[in-house]
Each structure stands twice: as C-alpha cells, then as structure tokens.
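K.L.:
Please see the structure below; I have some questions.
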Amino acid sequence: MAFNPTALNLPHHPFRITLKEEQYFIFDEIRKKHLVLTPEEWVRQHFIQYLIKERKFPKSLIQIEGGLHLNALQKRTDIVIFNTSGERIMVIECKAPSVKISQAVFDQASRYNSVHKAKWLVVTNGLKHCYAQIDHLKSSFLFFEELPDYRDL
C-alpha cells in the first residue's frame, strides 16, 4: 500500500510515518503518540511544525484537540495556542485539503472562538491559510497575509 500525501502550501517536515495493519499513522510530537493519518491530521501536523519551526511558537504552549462546550454540545478545537500567562491567544481550525476555506468554515471556527475569546483565529486546509486578528469589543476582524512570529503576537 503506497502512501500518497497531498502536497501542501507549508514547509516540508520529515514526519515519522508508520504502516500498521494497512493503516498509516503519523507521530505527533506534541502529544507524543502515533495518530491515524487522515487528510486533516496531515494538515494539522504540518501546521504545528510551521508554528514551531518557522514562527517560533513554543511546543509547551500548543494544545491539540482541546474540548469546549458550545450551546450545550461537546466540541473539539483543533489547535489552541496559549501565552506564558496561560491565556488563550490563538485558535486554529484545520481542514482536509479537499475542504474549501469558505465563509461557513470561517464561521465555524469563529463560533468555537466565541468560547475561547482568543485574539487570533486561523483557518487552514494546508493549501490556503486565513489569519485574522479579532477585536472582541468591536466584533471585528483584521486579516493578515502572514502569521506573525510568536514573540510579535
């Protein structure tokens, strides 16, 4: 069985990928375990490495698949970034490369962030990335072409 990953608009990283019982797994450096390699996980792992290697985000301040309650429903946030004071500063929603980054996808991530109240919201499918800084008092978004380094947030 051949592994044929989608090329993404993110830097390459030498992931540890294994095949077990006809299922591919990717090693998650944050959670220190092997995860089923889905298209969404492929994007999430690439984006995490982009944050760490390119944007200098500390591994210790990255939380993956954190739970949240939204309208009495249990949901999961793909990635949450904290500052050194323990405050949530960024919510990142990862989609499979085949999922178009649409207003509906951005709205979903915004609903999740309505619980976290992070200053930054990121939506990515690995091909297209949407970076928004949020002013919660004015309920407005300011979009950026690039994500700042961690120290500049």
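Chain identifiers are assigned as A, B, and so on, following the order in which chains appear in the structure tokens; residues are numbered from 1 within each chain, and ligands are numbered from 1 in order of appearance.
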Identify, on the basis of only C-alpha atoms, every residue whose closest approach to A:Pro148 does not exceed 10 Å; exclude the query and any residue fewer than 2 positions from it along the same chain; express the result as a ChimeraX atom specification.

P.N.:
/A:51,54-56,131,144-146,150-153

K.L.:
With N, CA and C atoms retained, could you export that selection as a tab-separated table (two decimals), in the first residue's frame?

P.N.:
chain	number	residue	atom	x	y	z
A	51	LEU	N	4.30	26.31	12.85
A	51	LEU	CA	4.27	27.18	14.02
A	51	LEU	C	5.57	27.10	14.81
A	54	GLU	N	8.97	27.70	11.91
A	54	GLU	CA	9.00	28.96	11.16
A	54	GLU	C	8.59	30.17	12.00
A	55	ARG	N	7.62	29.99	12.87
A	55	ARG	CA	7.07	31.12	13.63
A	55	ARG	C	7.46	31.12	15.10
A	56	LYS	N	8.31	30.16	15.48
A	56	LYS	CA	8.93	30.12	16.82
A	56	LYS	C	7.93	30.02	17.97
A	131	TYR	N	-5.64	34.18	8.25
A	131	TYR	CA	-5.17	34.68	9.54
A	131	TYR	C	-5.97	35.92	9.89
A	144	PHE	N	-4.69	39.23	7.90
A	144	PHE	CA	-3.27	39.37	7.61
A	144	PHE	C	-2.86	38.36	6.55
A	145	GLU	N	-1.86	38.74	5.75
A	145	GLU	CA	-1.32	37.83	4.72
A	145	GLU	C	-0.44	36.75	5.34
A	146	GLU	N	0.27	37.12	6.40
A	146	GLU	CA	1.20	36.21	7.07
A	146	GLU	C	0.88	36.17	8.56
A	150	TYR	N	5.66	34.18	17.10
A	150	TYR	CA	5.05	34.13	18.43
A	150	TYR	C	5.37	35.36	19.26
A	151	ARG	N	6.62	35.80	19.25
A	151	ARG	CA	7.03	36.95	20.08
A	151	ARG	C	6.36	38.25	19.65
A	152	ASP	N	5.81	38.31	18.43
A	152	ASP	CA	5.17	39.52	17.93
A	152	ASP	C	3.65	39.53	18.12
A	153	LEU	N	3.13	38.48	18.72
A	153	LEU	CA	1.69	38.44	18.95
A	153	LEU	C	1.37	39.36	20.10

K.L.:
Give me, as a list in words, all polymer residues having an atom no more than 12 Å from A:Leu37, counting only C-alpha atoms and skipping those fewer than 3 positions away in the same chain.

P.N.:
Phe3, Asn4, Pro5, Thr6, Phe15, Arg16, Ile17, Thr18, Leu19, Lys20, Glu22, Gln23, Tyr24, Phe25, Ile26, Phe27, Asp28, Lys33, His34, Glu40, Glu41, Trp42, Val43, Arg44, Gln45, His46 and Ala96 of chain A

K.L.:
Restrict the selected residues to N, CA and C atoms and save them as a CSV table (one decimal), in the first residue's frame.

P.N.:
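Below you can see again_18.csv, which holds the result:
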chain,number,residue,atom,x,y,z
A,3,PHE,N,1.8,5.3,0.3
A,3,PHE,CA,1.4,6.5,1.0
A,3,PHE,C,1.5,7.6,0.0
A,4,ASN,N,0.4,8.3,-0.4
A,4,ASN,CA,0.5,9.3,-1.4
A,4,ASN,C,-0.1,10.6,-0.8
A,5,PRO,N,0.7,11.4,0.0
A,5,PRO,CA,0.2,12.5,0.7
A,5,PRO,C,-0.1,13.7,-0.3
A,6,THR,N,-1.0,14.6,0.1
A,6,THR,CA,-1.2,15.8,-0.7
A,6,THR,C,-0.1,16.8,-0.4
A,15,PHE,N,8.3,13.7,8.8
A,15,PHE,CA,7.5,13.1,9.8
A,15,PHE,C,7.8,11.6,9.9
A,16,ARG,N,7.5,11.1,11.1
A,16,ARG,CA,7.6,9.6,11.3
A,16,ARG,C,6.3,9.0,11.0
A,17,ILE,N,6.2,8.3,9.9
A,17,ILE,CA,5.0,7.7,9.4
A,17,ILE,C,5.2,6.2,9.4
A,18,THR,N,4.2,5.5,10.0
A,18,THR,CA,4.3,4.0,10.0
A,18,THR,C,3.1,3.4,9.4
A,19,LEU,N,3.2,2.2,9.0
A,19,LEU,CA,2.1,1.4,8.4
A,19,LEU,C,1.9,0.2,9.4
A,20,LYS,N,0.6,0.1,9.9
A,20,LYS,CA,0.3,-1.0,10.7
A,20,LYS,C,-1.1,-1.5,10.3
A,22,GLU,N,-2.4,-2.2,7.5
A,22,GLU,CA,-2.9,-1.5,6.3
A,22,GLU,C,-3.5,-0.1,6.7
A,23,GLN,N,-3.0,0.5,7.8
A,23,GLN,CA,-3.4,1.8,8.2
A,23,GLN,C,-2.2,2.7,8.5
A,24,TYR,N,-2.1,3.9,7.9
A,24,TYR,CA,-1.0,4.7,8.2
A,24,TYR,C,-1.2,5.6,9.5
A,25,PHE,N,-0.1,5.8,10.2
A,25,PHE,CA,0.0,6.6,11.4
A,25,PHE,C,1.1,7.6,11.3
A,26,ILE,N,0.9,8.7,11.9
A,26,ILE,CA,1.9,9.8,12.0
A,26,ILE,C,2.1,10.1,13.4
A,27,PHE,N,3.4,10.3,13.7
A,27,PHE,CA,3.8,10.6,15.1
A,27,PHE,C,3.6,12.1,15.4
A,28,ASP,N,2.8,12.3,16.5
A,28,ASP,CA,2.5,13.7,16.9
A,28,ASP,C,3.5,14.0,18.0
A,33,LYS,N,2.5,10.6,20.6
A,33,LYS,CA,1.8,9.3,20.2
A,33,LYS,C,1.6,9.3,18.7
A,34,HIS,N,1.3,8.1,18.2
A,34,HIS,CA,1.0,7.9,16.8
A,34,HIS,C,-0.5,8.1,16.7
A,40,GLU,N,-7.0,15.5,7.3
A,40,GLU,CA,-7.0,16.6,8.3
A,40,GLU,C,-5.8,16.6,9.2
A,41,GLU,N,-5.4,15.3,9.7
A,41,GLU,CA,-4.2,15.2,10.5
A,41,GLU,C,-3.0,15.6,9.8
A,42,TRP,N,-2.9,15.3,8.5
A,42,TRP,CA,-1.7,15.6,7.7
A,42,TRP,C,-1.6,17.2,7.7
A,43,VAL,N,-2.7,17.9,7.6
A,43,VAL,CA,-2.6,19.4,7.6
A,43,VAL,C,-2.3,19.8,9.0
A,44,ARG,N,-2.9,19.3,10.0
A,44,ARG,CA,-2.7,19.7,11.4
A,44,ARG,C,-1.2,19.5,11.8
A,45,GLN,N,-0.6,18.4,11.5
A,45,GLN,CA,0.8,18.1,11.8
A,45,GLN,C,1.8,19.1,11.1
A,46,HIS,N,1.5,19.3,9.8
A,46,HIS,CA,2.3,20.3,9.0
A,46,HIS,C,2.2,21.7,9.7
A,96,ALA,N,-9.2,19.3,5.9
A,96,ALA,CA,-8.5,18.5,4.9
A,96,ALA,C,-8.3,19.4,3.7

K.L.:
Record the distance separating atom CA of A:Ile48 and atom CA of A:His136, expressed in Å with one decimal.

P.N.:
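Between atom CA of A:Ile48 and atom CA of A:His136 the gap works out to 25.4 Å.
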
K.L.:
From a backbone DSSP assignment, name each residue in stretch 6-78 of chain A labelled strand (DSSP E or B), as a list in words.

P.N.:
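Strand (DSSP E or B) assignments inside stretch 6-78 of chain A correspond to Ile17, Thr18, Leu19, Lys20, Gln23, Tyr24, Phe25, Ile26, Phe27, Asp28, Lys33, His34, Leu35, Val36, Ile62, Gln63, Ile64, Glu65, Gly66, Gly67, Leu68, His69, Leu70, Leu73, Gln74, Lys75, Arg76, Thr77 and Asp78 of chain A.
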
K.L.:
From a backbone DSSP assignment, name each residue in stretch 8-135 of chain A labelled helix (DSSP H, G or I), as a PyMOL selection string.

P.N.:
chain A and resi 39-54+59-61+103-116

K.L.:
I need the chosen residues saved as a compact mmCIF listing (two decimals), in the first residue's frame, with N, CA and C atoms.

P.N.:
# COMPACT_ATOMS: atom_id res chain seq x y z
N PRO A 39 -6.41 12.99 6.13
CA PRO A 39 -6.03 14.23 5.45
C PRO A 39 -6.01 15.45 6.40
N GLU A 40 -6.96 15.52 7.32
CA GLU A 40 -6.98 16.63 8.28
C GLU A 40 -5.77 16.56 9.22
N GLU A 41 -5.42 15.35 9.66
CA GLU A 41 -4.25 15.19 10.54
C GLU A 41 -2.96 15.57 9.81
N TRP A 42 -2.89 15.27 8.51
CA TRP A 42 -1.75 15.65 7.68
C TRP A 42 -1.57 17.17 7.71
N VAL A 43 -2.67 17.90 7.57
CA VAL A 43 -2.63 19.37 7.61
C VAL A 43 -2.26 19.84 9.01
N ARG A 44 -2.91 19.27 10.04
CA ARG A 44 -2.65 19.70 11.42
C ARG A 44 -1.17 19.52 11.78
N GLN A 45 -0.60 18.37 11.45
CA GLN A 45 0.80 18.12 11.81
C GLN A 45 1.75 19.06 11.05
N HIS A 46 1.46 19.33 9.80
CA HIS A 46 2.27 20.29 9.04
C HIS A 46 2.16 21.69 9.65
N PHE A 47 0.95 22.08 10.00
CA PHE A 47 0.77 23.44 10.54
C PHE A 47 1.46 23.58 11.90
N ILE A 48 1.40 22.55 12.72
CA ILE A 48 2.09 22.58 14.00
C ILE A 48 3.59 22.78 13.79
N GLN A 49 4.17 22.05 12.84
CA GLN A 49 5.60 22.20 12.57
C GLN A 49 5.92 23.60 12.03
N TYR A 50 5.02 24.14 11.21
CA TYR A 50 5.19 25.52 10.72
C TYR A 50 5.22 26.50 11.90
N LEU A 51 4.30 26.31 12.85
CA LEU A 51 4.27 27.18 14.02
C LEU A 51 5.57 27.10 14.81
N ILE A 52 6.05 25.89 15.03
CA ILE A 52 7.25 25.68 15.84
C ILE A 52 8.51 26.12 15.12
N LYS A 53 8.69 25.65 13.90
CA LYS A 53 9.95 25.87 13.19
C LYS A 53 10.04 27.25 12.54
N GLU A 54 8.97 27.70 11.91
CA GLU A 54 9.00 28.96 11.16
C GLU A 54 8.59 30.17 12.00
N LYS A 59 6.57 24.73 21.88
CA LYS A 59 5.77 23.49 21.91
C LYS A 59 4.91 23.40 23.15
N SER A 60 5.46 23.86 24.27
CA SER A 60 4.75 23.72 25.55
C SER A 60 3.48 24.57 25.63
N LEU A 61 3.30 25.51 24.71
CA LEU A 61 2.12 26.39 24.74
C LEU A 61 1.10 26.03 23.66
N GLN A 103 -16.78 30.84 3.84
CA GLN A 103 -17.35 31.63 4.94
C GLN A 103 -17.92 30.70 6.01
N ALA A 104 -18.53 29.60 5.60
CA ALA A 104 -19.10 28.64 6.56
C ALA A 104 -18.01 28.04 7.45
N VAL A 105 -16.87 27.72 6.87
CA VAL A 105 -15.75 27.17 7.64
C VAL A 105 -15.22 28.22 8.61
N PHE A 106 -15.06 29.45 8.13
CA PHE A 106 -14.59 30.54 8.99
C PHE A 106 -15.59 30.80 10.12
N ASP A 107 -16.89 30.74 9.80
CA ASP A 107 -17.93 30.94 10.81
C ASP A 107 -17.88 29.86 11.88
N GLN A 108 -17.62 28.61 11.48
CA GLN A 108 -17.49 27.51 12.44
C GLN A 108 -16.34 27.80 13.42
N ALA A 109 -15.20 28.19 12.88
CA ALA A 109 -14.05 28.50 13.73
C ALA A 109 -14.36 29.69 14.64
N SER A 110 -15.09 30.67 14.12
CA SER A 110 -15.47 31.84 14.92
C SER A 110 -16.39 31.44 16.08
N ARG A 111 -17.29 30.50 15.83
CA ARG A 111 -18.17 30.02 16.90
C ARG A 111 -17.34 29.34 18.00
N TYR A 112 -16.38 28.52 17.60
CA TYR A 112 -15.50 27.89 18.59
C TYR A 112 -14.75 28.95 19.38
N ASN A 113 -14.28 29.97 18.68
CA ASN A 113 -13.53 31.02 19.36
C ASN A 113 -14.42 31.90 20.23
N SER A 114 -15.71 31.88 20.01
CA SER A 114 -16.60 32.66 20.88
C SER A 114 -16.54 32.13 22.32
N VAL A 115 -16.14 30.88 22.47
CA VAL A 115 -15.94 30.30 23.80
C VAL A 115 -14.55 30.67 24.33
N HIS A 116 -13.53 30.55 23.50
CA HIS A 116 -12.15 30.79 23.93
C HIS A 116 -11.80 32.27 24.04

K.L.:
When you look at stretch 80-84 of chain A with a cut-off of 8 Å (counting only C-alpha atoms), what residues show up, excluding the ones that are within fewer than 2 positions of it in the same chain? I need them as a list of chain:residue names.

P.N.:
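My list of contacting residues is A:Leu61, A:Ile62, A:Gln63, A:Ile64, A:Glu65, A:Gly66, A:Thr77, A:Asp78, A:Gly86, A:Glu87, A:Arg88, A:Ile89, A:Met90, A:Val91, A:Ile92.
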
K.L.:
Name the closest residue to A:His129 among the candidates A:Arg76, A:His13, A:Lys95, A:Lys117; distances are taken between atoms, counting only C-alpha atoms.

P.N.:
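That would be A:Lys95, the residue with the smallest distance to A:His129.
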
K.L.:
Could you list, as a list in words, every residue within 7 Å of A:Pro97, counting only C-alpha atoms and ignoring same-chain residues fewer than 5 positions away?

P.N.:
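So, after excluding close chain neighbours, the residues are Pro39, Asn125, Gly126 and Leu127 of chain A.
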
K.L.:
Take the residues just selected and output them with C-alpha atoms as a JSON list (two decimals), in the first residue's frame.

P.N.:
[["chain", "number", "residue", "atom", "x", "y", "z"],
["A", 39, "PRO", "CA", -6.03, 14.23, 5.45],
["A", 125, "ASN", "CA", -6.67, 23.45, 4.74],
["A", 126, "GLY", "CA", -2.92, 23.25, 4.19],
["A", 127, "LEU", "CA", -3.25, 24.96, 0.81]]

K.L.:
Give me, please, the distance in Å between atom CA of A:Lys128 and atom CA of A:Asn9, quoted to one decimal.

P.N.:
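These two atoms are separated by 7.1 Å.
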
K.L.:
So, counting only C-alpha atoms, which residue among A:Glu21, A:Glu29, A:Glu93, A:Asp149 is closest to A:Val123?

P.N.:
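That would be A:Glu93, the residue with the smallest distance to A:Val123.
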
K.L.:
Considering only C-alpha atoms, state which residue in the set A:Ser102, A:Thr124, A:Ser140, A:Thr38 is at the smallest distance from A:Leu8.

P.N.:
A:Thr124
